[in-house]
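Asks: To be precise about what I am sending: the file is called structure_20.txt and holds compact mmCIF, C-alpha atoms.
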```txt
# COMPACT_ATOMS: atom_id res chain seq x y z
CA MET A 11 125.57 22.75 -8.91
CA SER A 12 128.01 21.91 -6.07
CA GLY A 13 128.02 18.57 -4.30
CA GLY A 14 126.47 20.09 -1.16
CA GLU A 15 123.63 21.67 -3.10
CA GLU A 16 122.99 18.44 -4.92
CA VAL A 17 122.72 16.52 -1.65
CA PHE A 18 120.45 19.21 -0.22
CA GLU A 19 118.12 19.04 -3.19
CA ARG A 20 118.05 15.24 -3.23
CA VAL A 21 117.20 15.07 0.48
CA PHE A 22 114.48 17.70 0.14
CA TRP A 23 112.79 15.83 -2.71
CA GLN A 24 113.17 12.56 -0.87
CA ALA A 25 111.33 14.09 2.10
CA LEU A 26 108.60 15.44 -0.19
CA ASN A 27 108.13 12.08 -1.88
CA ASP A 28 107.97 10.32 1.47
CA LEU A 29 105.37 12.83 2.69
CA LYS A 30 103.36 12.35 -0.46
CA GLU A 31 103.40 8.59 -0.08
CA GLY A 32 102.64 8.75 3.63
CA SER A 33 105.92 7.05 4.52
CA GLU A 34 107.72 10.01 6.01
CA LYS A 35 110.45 9.50 8.61
CA PRO A 36 111.12 11.80 11.55
CA ILE A 37 112.28 15.20 10.24
CA GLU A 38 115.59 14.85 12.12
CA SER A 39 116.55 11.89 9.94
CA TYR A 40 116.40 14.10 6.83
CA LEU A 41 118.30 16.92 8.53
CA LEU A 42 121.12 14.53 9.40
CA LEU A 43 121.63 13.77 5.71
CA VAL A 44 122.71 17.33 4.83
CA PRO A 45 125.79 19.26 6.03
CA ARG A 46 125.34 20.98 9.40
CA GLY A 47 125.33 24.46 7.80
CA GLN A 48 122.30 23.60 5.64
CA ARG A 49 120.11 22.05 8.33
CA ASP A 50 118.36 25.26 9.33
CA GLU A 51 117.45 25.99 5.74
CA LEU A 52 116.18 22.46 5.10
CA GLY A 53 114.25 22.50 8.38
CA GLN A 54 112.59 25.77 7.40
CA MET A 55 111.67 24.45 3.96
CA LEU A 56 110.17 21.25 5.38
CA ALA A 57 108.28 23.27 8.01
CA ASP A 58 106.77 25.37 5.21
CA VAL A 59 105.71 22.21 3.39
CA LEU A 60 104.11 20.76 6.52
CA LEU A 61 102.36 24.04 7.28
CA ALA A 62 100.91 24.19 3.78
CA ARG A 63 99.83 20.56 3.97
CA GLY A 64 97.90 21.04 7.21
CA PRO A 65 97.00 18.32 9.68
CA LEU A 66 96.70 14.73 8.54
CA PRO A 67 93.28 13.13 8.62
CA ASP A 68 92.49 10.69 11.37
CA PRO A 69 92.53 7.20 9.81
CA THR A 70 89.56 6.16 11.96
CA ALA A 71 87.53 9.25 10.98
CA ALA A 72 85.70 7.48 8.15
CA GLU A 73 83.81 5.34 10.64
CA SER A 74 82.56 8.22 12.78
CA GLU A 75 79.11 9.74 12.78
CA GLY A 76 80.56 13.20 12.10
CA TYR A 77 82.34 11.97 8.99
CA LYS A 78 79.16 10.35 7.65
CA ARG A 79 77.15 13.50 8.27
CA ALA A 80 79.74 15.69 6.55
CA VAL A 81 79.85 13.40 3.52
CA ALA A 82 76.05 13.43 3.45
CA VAL A 83 76.12 17.25 3.36
CA VAL A 84 78.60 17.27 0.47
CA ASP A 85 76.57 14.64 -1.37
CA GLU A 86 73.31 16.50 -0.93
CA VAL A 87 74.72 19.91 -1.89
CA LEU A 88 76.40 18.58 -5.02
CA GLY A 89 73.37 16.47 -5.89
CA ARG A 90 71.15 19.55 -5.82
CA ARG A 91 73.50 21.61 -7.98
CA GLY A 92 71.48 23.31 -10.66
CA VAL A 93 70.55 26.66 -12.12
CA ALA A 94 71.77 28.51 -9.03
CA GLY A 95 74.90 26.37 -8.70
CA ILE A 96 75.54 24.95 -5.25
CA LEU A 97 74.13 28.02 -3.48
CA PRO A 98 70.71 26.51 -2.62
CA GLY A 99 72.27 23.41 -1.06
CA THR A 100 74.92 25.30 0.89
CA LEU A 101 72.43 27.85 2.23
CA LYS A 102 70.17 25.08 3.47
CA ALA A 103 73.04 23.06 4.93
CA MET A 104 74.50 26.04 6.79
CA ARG A 105 71.09 27.09 8.02
CA ASN A 106 70.34 23.61 9.35
CA ALA A 107 73.76 23.23 10.93
CA ARG A 108 73.39 26.56 12.72
CA GLY A 109 69.78 26.02 13.76
CA ILE A 110 68.56 29.09 11.87
CA GLU A 111 64.90 29.08 10.84
CA PRO A 112 64.04 30.35 7.35
CA ASP A 113 61.95 33.09 8.97
CA ALA A 114 65.05 34.42 10.70
CA VAL A 115 66.87 34.71 7.37
CA VAL A 116 63.85 36.47 5.87
CA GLU A 117 63.75 38.84 8.85
CA ARG A 118 67.39 39.78 8.29
CA LEU A 119 66.85 40.32 4.58
CA ALA A 120 63.75 42.41 5.30
CA ALA A 121 65.76 44.55 7.70
CA ASP A 122 68.64 44.94 5.22
CA PHE A 123 66.34 46.05 2.41
CA GLU A 124 63.87 47.93 4.64
CA VAL A 125 60.93 45.80 3.62
CA ARG A 126 58.33 46.55 6.28
CA GLY A 127 54.98 45.79 4.69
CA GLU A 128 53.22 42.45 4.91
CA GLU A 129 53.09 41.89 1.14
CA GLY A 130 56.76 42.64 0.70
CA ARG A 131 57.73 40.28 3.53
CA GLN A 132 55.55 37.50 2.16
CA ASP A 133 57.14 37.93 -1.24
CA LEU A 134 60.58 37.88 0.35
CA ALA A 135 59.76 34.65 2.22
CA ARG A 136 58.33 33.06 -0.91
CA ASN A 137 61.35 33.93 -3.02
CA TYR A 138 63.86 32.91 -0.38
CA HIS A 139 62.12 29.54 -0.24
CA ARG A 140 62.33 29.29 -4.03
CA LEU A 141 66.02 30.17 -3.89
CA GLU A 142 66.76 27.51 -1.27
CA THR A 143 64.87 24.88 -3.22
CA GLY A 144 66.85 25.60 -6.38
CA LYS A 145 64.05 27.15 -8.40
CA LEU A 146 65.71 30.48 -9.15
CA LEU A 147 68.40 31.30 -11.68
CA GLY A 148 71.69 32.20 -10.08
CA SER A 149 72.49 34.60 -12.90
CA LYS A 150 69.38 36.67 -12.09
CA LEU A 151 70.14 37.14 -8.39
CA SER A 152 71.25 40.65 -7.58
CA ARG A 153 74.66 41.33 -6.10
CA ARG A 154 73.18 43.20 -3.17
CA LEU A 155 70.97 40.20 -2.33
CA LEU A 156 74.01 37.90 -2.43
CA ASP A 157 75.97 40.37 -0.29
CA SER A 158 73.16 40.42 2.23
CA LEU A 159 72.99 36.61 2.32
CA ALA A 160 76.76 36.51 2.85
CA SER A 161 76.32 38.84 5.79
CA VAL A 162 73.49 36.73 7.26
CA PHE A 163 75.60 33.57 7.09
CA ASP A 164 78.86 35.34 7.96
CA VAL A 165 80.74 34.18 4.86
CA ASP A 166 82.72 35.98 2.17
CA PRO A 167 80.40 37.57 -0.44
CA ALA A 168 82.75 36.36 -3.19
CA GLU A 169 82.05 32.78 -2.10
CA VAL A 170 78.30 33.26 -2.29
CA LEU A 171 78.67 34.82 -5.73
CA ALA A 172 80.85 31.93 -6.93
CA ALA A 173 78.50 29.32 -5.48
CA ALA A 174 75.54 30.81 -7.38
CA ARG A 175 77.19 30.16 -10.73
CA PRO A 176 74.85 27.79 -12.60
CA ALA A 177 75.87 24.24 -13.38
CA ALA A 178 76.85 23.67 -17.00
CA LYS A 179 73.98 21.24 -17.46
CA GLY A 180 71.44 22.27 -14.87
CA PRO A 181 67.86 21.08 -14.88
CA ARG A 182 65.57 23.15 -17.02
CA LEU A 183 63.43 25.67 -15.30
CA LYS A 184 59.74 25.13 -15.42
CA SER A 185 57.82 28.22 -16.26
CA ALA A 186 56.34 29.60 -13.10
CA PRO A 187 54.70 32.86 -12.23
CA ALA A 188 57.12 35.41 -10.90
CA MET A 189 54.90 36.03 -7.92
CA GLY A 190 52.55 33.80 -6.04
CA ARG A 191 52.10 30.06 -6.03
CA SER A 192 50.76 28.22 -9.01
CA GLY A 193 47.10 27.41 -9.02
CA GLY A 194 47.68 23.66 -8.85
CA ALA A 195 44.50 21.63 -9.33
CA ARG A 196 42.31 24.62 -8.66
CA GLY A 197 40.89 26.65 -11.41
CA ALA A 198 42.73 29.79 -12.35
CA SER A 199 41.67 32.76 -10.31
CA PRO A 200 39.83 35.45 -12.20
CA PRO A 201 42.19 38.06 -13.58
CA ARG A 202 42.47 41.18 -11.55
CA PRO A 203 41.71 44.43 -13.22
CA ALA A 204 44.99 45.90 -14.32
CA ALA A 205 44.46 49.24 -12.70
CA ALA A 206 42.70 47.99 -9.55
CA ARG A 207 45.78 48.22 -7.35
CA PRO A 208 49.08 49.90 -7.98
CA PRO A 209 52.04 47.50 -7.60
CA ASP A 210 53.48 47.43 -4.11
CA PRO A 211 56.91 49.14 -4.30
CA GLU A 212 58.32 46.71 -1.75
CA VAL A 213 57.15 43.73 -3.77
CA GLU A 214 58.75 45.31 -6.82
CA LEU A 215 61.98 45.73 -4.89
CA VAL A 216 61.94 42.08 -3.80
CA GLU A 217 61.28 40.95 -7.36
CA ARG A 218 64.23 43.00 -8.57
CA LEU A 219 66.47 41.46 -5.91
CA PHE A 220 65.62 37.90 -6.94
CA TYR A 221 65.02 38.28 -10.67
CA GLY A 222 66.61 41.54 -11.76
CA GLY A 223 70.17 40.38 -12.46
CA PRO A 224 73.47 41.31 -10.79
CA ASP A 225 73.05 45.08 -10.97
CA ALA A 226 69.44 45.30 -9.80
CA MET B 22 99.48 19.05 -14.67
CA ALA B 23 98.02 15.66 -15.50
CA GLU B 24 95.33 15.63 -18.17
CA PHE B 25 92.61 13.08 -17.71
CA ASP B 26 89.91 11.47 -19.73
CA PRO B 27 86.51 12.76 -18.58
CA ILE B 28 85.14 9.26 -18.30
CA GLU B 29 88.15 8.01 -16.45
CA GLU B 30 87.19 8.99 -12.93
CA ARG B 31 89.93 6.86 -11.50
CA ALA B 32 92.43 9.24 -13.09
CA VAL B 33 91.00 12.10 -11.04
CA GLU B 34 91.10 10.05 -7.87
CA MET B 35 94.76 9.26 -8.46
CA LEU B 36 95.79 12.91 -8.65
CA ASP B 37 97.58 14.30 -5.65
CA ASP B 38 96.09 17.23 -3.76
CA VAL B 39 98.03 19.91 -5.64
CA GLU B 40 97.15 18.46 -9.03
CA LEU B 41 93.52 18.04 -8.04
CA GLU B 42 93.36 21.66 -6.89
CA ALA B 43 94.82 22.75 -10.22
CA VAL B 44 92.14 20.74 -12.03
CA ARG B 45 89.49 22.32 -9.82
CA VAL B 46 90.63 25.83 -10.73
CA LYS B 47 90.62 24.89 -14.39
CA THR B 48 87.18 23.25 -14.37
CA VAL B 49 85.55 25.99 -12.27
CA GLY B 50 86.92 28.68 -14.55
CA ALA B 51 85.68 26.88 -17.65
CA ASN B 52 82.33 25.94 -16.05
CA ASP B 53 83.27 22.38 -16.93
CA GLU B 54 80.75 19.80 -15.76
CA ARG B 55 83.58 17.63 -14.39
CA PHE B 56 83.90 20.26 -11.67
CA GLU B 57 81.35 18.36 -9.60
CA PHE B 58 83.39 15.17 -9.52
CA VAL B 59 86.60 17.07 -8.79
CA LEU B 60 84.89 18.94 -5.97
CA TRP B 61 83.52 15.69 -4.55
CA ASN B 62 87.02 14.21 -4.47
CA LEU B 63 88.56 17.28 -2.88
CA CYS B 64 85.86 17.33 -0.23
CA LEU B 65 86.37 13.65 0.55
CA ARG B 66 89.99 14.50 1.28
CA GLY B 67 89.09 17.46 3.45
CA VAL B 68 86.25 15.90 5.45
CA PRO B 69 88.46 13.68 7.68
CA VAL B 70 90.45 16.77 8.66
CA ILE B 71 87.24 18.66 9.38
CA GLU B 72 86.07 15.78 11.54
CA ARG B 73 89.33 15.64 13.45
CA VAL B 74 89.71 19.39 14.01
CA CYS B 75 86.06 19.90 14.99
CA ARG B 76 86.20 16.93 17.35
CA THR B 77 89.42 17.88 19.12
CA ARG B 78 88.82 21.63 19.28
CA GLY B 79 85.13 21.19 20.02
CA GLU B 80 85.87 18.94 22.98
CA ALA B 81 88.49 21.40 24.21
CA CYS B 82 85.92 24.21 23.99
CA GLY B 83 83.33 22.18 25.90
CA LEU B 84 80.92 21.62 22.99
CA SER B 85 78.45 18.76 23.22
CA ASP B 86 78.61 15.83 20.77
CA GLN B 87 75.58 17.19 18.95
CA GLU B 88 77.18 20.64 18.61
CA ILE B 89 80.40 19.11 17.32
CA GLU B 90 78.46 17.24 14.66
CA LEU B 91 76.65 20.42 13.66
CA ALA B 92 79.99 22.23 13.44
CA ILE B 93 81.22 19.43 11.16
CA GLU B 94 78.18 19.83 8.89
CA ASP B 95 78.61 23.61 8.84
CA ALA B 96 82.29 23.24 7.96
CA ALA B 97 81.51 20.79 5.14
CA ALA B 98 79.08 23.29 3.61
CA ARG B 99 81.55 26.14 4.00
CA MET B 100 84.31 24.11 2.40
CA LEU B 101 82.06 23.63 -0.64
CA LEU B 102 81.50 27.40 -0.79
CA ARG B 103 85.23 28.07 -0.67
CA LEU B 104 86.01 25.49 -3.32
CA SER B 105 83.50 27.01 -5.72
CA ARG B 106 85.75 30.07 -6.06
CA VAL B 107 87.82 30.47 -9.20
CA GLU B 108 90.88 31.61 -7.26
CA PRO B 109 93.42 28.93 -6.22
CA GLN B 110 92.87 27.76 -2.66
CA PRO B 111 95.32 26.44 -0.06
CA GLN B 112 96.07 22.74 0.12
CA VAL B 113 92.81 20.99 0.98
CA HIS B 114 93.89 19.71 4.41
CA ALA B 115 95.00 23.19 5.47
CA LEU B 116 91.81 24.72 4.09
CA ALA B 117 89.64 22.16 5.87
CA ALA B 118 91.45 22.76 9.16
CA GLU B 119 91.04 26.54 8.85
CA ILE B 120 87.32 26.30 8.14
CA ALA B 121 86.73 23.69 10.85
CA ALA B 122 88.43 25.88 13.44
CA ALA B 123 86.28 28.86 12.45
CA CYS B 124 83.10 26.77 12.72
CA VAL B 125 83.98 25.56 16.21
CA GLU B 126 84.92 29.02 17.42
CA ARG B 127 81.59 30.68 16.74
CA SER B 128 79.25 31.00 19.71
CA TRP B 129 77.34 27.87 20.73
CA PRO B 130 74.36 27.51 23.09
CA SER B 131 76.22 25.32 25.59
CA GLN B 132 78.99 27.86 25.88
CA GLN B 133 76.56 30.72 26.43
CA GLN B 134 74.85 28.82 29.28
CA SER B 135 78.00 27.74 31.05
CA ALA B 136 80.02 30.91 30.62
CA PRO B 137 80.46 32.76 33.91
CA ARG B 138 78.97 36.21 33.98
CA LEU B 139 82.01 37.77 35.54
CA THR B 140 85.53 36.63 34.99
CA PRO B 141 87.66 36.44 38.14
CA ARG B 142 90.10 39.27 38.65
CA SER B 143 93.59 38.27 37.69
CA PRO B 144 95.95 38.32 40.67
CA GLN B 145 98.50 41.13 40.79
CA LEU B 146 101.81 39.56 41.64
CA ARG B 147 105.02 41.40 42.39
CA LEU B 148 108.48 40.14 43.17
CA VAL B 149 109.91 40.86 46.63
CA PRO B 150 113.32 42.44 46.10
CA GLY B 151 116.16 40.15 47.14
CA LEU B 152 113.94 37.10 47.68
CA ASP B 153 115.63 35.06 44.97
CA GLU B 154 119.05 35.60 46.59
CA ALA B 155 117.70 34.80 50.03
CA ILE B 156 116.29 31.48 48.77
CA GLU B 157 119.55 30.61 47.03
CA THR B 158 121.66 31.32 50.14
CA GLY B 159 119.24 29.44 52.38
CA LYS B 160 118.21 32.49 54.45
CA VAL B 161 114.63 31.93 53.42
CA ARG B 162 112.95 28.66 52.65
CA PRO B 163 109.97 28.22 50.34
CA ASN B 164 106.65 27.64 52.12
CA ASP B 165 106.01 24.07 53.13
CA TRP B 166 102.28 23.55 53.56
CA GLU B 167 102.88 20.68 55.98
CA ASN B 168 104.90 22.82 58.44
CA SER B 169 103.37 26.26 58.06
```
For the file at hand, write its structure as structure tokens.

Replies:
Amino acid sequence: MSGGEEVFERVFWQALNDLKEGSEKPIESYLLLVPRGQRDELGQMLADVLLARGPLPDPTAAESEGYKRAVAVVDEVLGRRGVAGILPGTLKAMRNARGIEPDAVVERLAADFEVRGEEGRQDLARNYHRLETGKLLGSKLSRRLLDSLASVFDVDPAEVLAAARPAAKGPRLKSAPAMGRSGGARGASPPRPAAARPPDPEVELVERLFYGGPDA
Amino acid sequence: MAEFDPIEERAVEMLDDVELEAVRVKTVGANDERFEFVLWNLCLRGVPVIERVCRTRGEACGLSDQEIELAIEDAAARMLLRLSRVEPQPQVHALAAEIAAACVERSWPSQQQSAPRLTPRSPQLRLVPGLDEAIETGKVRPNDWENS
């Protein structure tokens, strides 16, 4: 390595170390340390580093209301991480931040999957609520449901898919009926005759979307 | 890349942004439970940038304080989504700035109310031939609002 190259490399690493430690000097002072013919190249390399690093945080930001609210969002989303990963928390946080009512999300999903009947819509609303409250398994959510949610919230479908990955040690799921609310303190309702009503195809579709796995 | 003891959280906090991002990729890919702590630390580094970018750009766009705070919350949630991906992500300050800018630039109620229905027509300007020479030689003087 020639003497000029050695100086160039030493100055570049000095600038990087200073940036890392937050004690950087004006860029010109680094450029002056290398021969004139190498200044453009060093300037370009330092510009690339600064571009990749992005803007510096405001040192007073930690005291602001916005900072506290953002940290609260992160805390809540991570704290609710469970069998559907961080998806429930992020969906709720984005919905709240954008002032979107749950009904509006359900409406969009109903439109996407052409669910027009009352029973199908109610099932959709019930399952979306269960998803947002972390009661559904991320691994059982269908890809087309996740794609539709990504479209509703205008985010990359790959991010929604990644966010739904379950936590390694998520809370155990309580057994719950696939449809309908649990009876609670009330007595169990009398069983319906099996052949009394054929299953609603829209309800079946909704159940597949939320419980049928990625390919459903 | 620095290896760290899972119970030694301080070791994670001491990593620089690039090392922390590398640990994130590794823990996400392995579904390692330490992912949560790594993500928390990355987000703490990104949140001040989100706050700054949303505040400055939001004010420039005419957003209210409440809207700016909602944009900050939205950006925090979206940063979590991005950081849950297995693929390596840009340096956390750059990522936070990109997401914050996108959150501010979506449509907001205050902008919809104050936006004019019709934009004014842009003026069509043309240069008078020879005017520059005439000004230079003193044949023509620029308009003086006090004398004209």

Asks: Output as CSV one row per residue of chain B within 7 Å of chain A: the closest atom pair and its distance in Å to one decimal place, counting all atoms listed in the file, sorted by chain and residue number ascending.

Replies:
```
residue,atom,partner,partner_atom,distance
B:Asn52,CA,A:Ala178,CA,6.0
B:Asp53,CA,A:Ala178,CA,6.5
B:Glu54,CA,A:Ala178,CA,5.6
B:Glu57,CA,A:Leu88,CA,6.7
B:Val68,CA,A:Tyr77,CA,6.6
B:Pro69,CA,A:Pro67,CA,4.9
B:Val70,CA,A:Pro67,CA,4.6
B:Glu72,CA,A:Tyr77,CA,5.9
B:Arg73,CA,A:Asp68,CA,6.2
B:Glu90,CA,A:Gly76,CA,5.2
B:Leu91,CA,A:Ala107,CA,4.9
B:Ala92,CA,A:Ala107,CA,6.8
B:Ile93,CA,A:Ala80,CA,6.1
B:Glu94,CA,A:Ala80,CA,5.0
B:Asp95,CA,A:Met104,CA,5.2
B:Ala97,CA,A:Ala80,CA,5.6
B:Ala98,CA,A:Thr100,CA,5.4
B:Leu102,CA,A:Glu169,CA,5.6
B:Arg103,CA,A:Glu169,CA,5.9
B:Ser105,CA,A:Ala173,CA,5.5
B:Arg106,CA,A:Ala172,CA,5.3
B:Gln112,CA,A:Arg63,CA,5.8
B:His114,CA,A:Gly64,CA,5.1
B:Ala115,CA,A:Gly64,CA,4.0
B:Ala118,CA,A:Gly64,CA,7.0
```

Asks: State, in Å with one decimal place, the distance from CA of Val59 (chain A) to CA of Ala81 (chain B).

Replies: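 One can read the CA of Val59 (chain A) to CA of Ala81 (chain B) distance as 27.0 Å.
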
Asks: Which residue gives the smallest distance to Trp61 (chain B) among A:Asp50, A:Glu86, A:Glu15, A:Glu111, with all atoms listed in the file counted?

Replies: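 Closest candidate: A:Glu86.
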
Asks: Set the distance at 7 Å and use all atoms listed in the file: which residues neighbour region 144-153 of chain A once local chain neighbours fewer than 4 positions away are removed? I'd like the list as a list in words.

Replies: Gly92, Val93, Ala94, Gly95, Pro98, Arg140, Asp157, Ala174, Arg175, Pro176, Leu219, Phe220, Tyr221, Gly222, Gly223, Pro224, Asp225 and Ala226 of chain A

Asks: I'd like to know which of B:Ala155, B:Val74, B:Met35, B:Val125 is closest to Glu88 (chain B), using only C-alpha atoms.

Replies: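 Looking only at the distances to Glu88 (chain B), the closest residue turns out to be B:Val125.
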
Asks: Between CA of Asn62 (chain B) and CA of Cys75 (chain B), measure the distance and give it in Å to one decimal.

Replies: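 Computing the Euclidean distance for CA of Asn62 (chain B) and CA of Cys75 (chain B) yields 20.3 Å.
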
Asks: When distances are computed from all atoms listed in the file, which of B:Phe58, B:Arg162, B:Ser128, B:Gly151 shows the smallest separation from Ala32 (chain B)?

Replies: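 Under the stated criterion, the closest residue is B:Phe58.
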
Asks: Which residues are close to Arg127 (chain B), i.e. within 12 Å by all atoms listed in the file, leaving aside same-chain residues fewer than 2 positions away? Reply as a PyMOL selection string.

Replies: (chain A and resi 108+163-164) or (chain B and resi 75+78-79+82+84+88-89+91-92+95-96+120-125+129-133)

Asks: Rounded to one decimal in Å, what is the spacing between CA of Glu142 (chain A) and CA of Val125 (chain A)?

Replies: 19.8 Å

Asks: Compile the contact shell of region 36-48 of chain B as a list in words: residues with an atom at most 7 Å away, counting only C-alpha atoms, same-chain residues fewer than 6 positions apart removed.

Replies: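 The residues that qualify are Met22, Arg55, Phe56, Val59, Leu60, Val107, Glu108, Pro109, Gln112 and Val113 of chain B.
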
Asks: Can you tell me which residues surround Lys35 (chain A) at a distance of at most 12 Å, considering all atoms listed in the file, apart from same-chain residues fewer than 5 positions away, and format the answer as JSON, numbers by chain?

Replies: {"A": [21, 24, 25, 26, 27, 28, 29, 30, 40, 41, 42]}
